[in-house]
Amino acid sequence: MSDSSNKTIIATFETREAADLAVEHLVQQVGVDRADIFVQPVGQDNSSGADVSGGDAPAMDENGRGDARLSGEIEVSADISANKTAALHRAFGDLGALRVTAK
């Protein structure tokens, strides 16, 4: 981004499920264009997060999956206009982000 009125906000989540919820919230509630949101593992390894969630979590009557790639946290970043920075920080915090930073 070359425009100084734009910022990249980065949030780290413990599970892929939380990261996915954050993406949906940013699009539907904050009005961030989906093309401006990026999701990736924090480290170099492919990961579903640091904890079991979503389809990997056990239902009440089962043990759940044991093959989830739990290699680290999930990072969600969004390129936004500077005037949405506070809303994004709030949204990420409300959604359980472990860390939120801006570039």
# chains A, B, ... in the order shown; residues from 1 in each chain; ligands from 1
$ residues_around --residues "Ala11 of chain A" --least-positions-apart "2" --cutoff "12 Å" --atoms "only C-alpha atoms" --output "PyMOL selection string"
chain A and resi 8-9+13-15+18-20+22-23+26+37-42+73-79+88-103
$ closest_residue --among "A:Ile80, A:Lys7, A:Glu17, A:Ala87" --to "Asp36 of chain A" --atoms "only C-alpha atoms"
A:Ile80
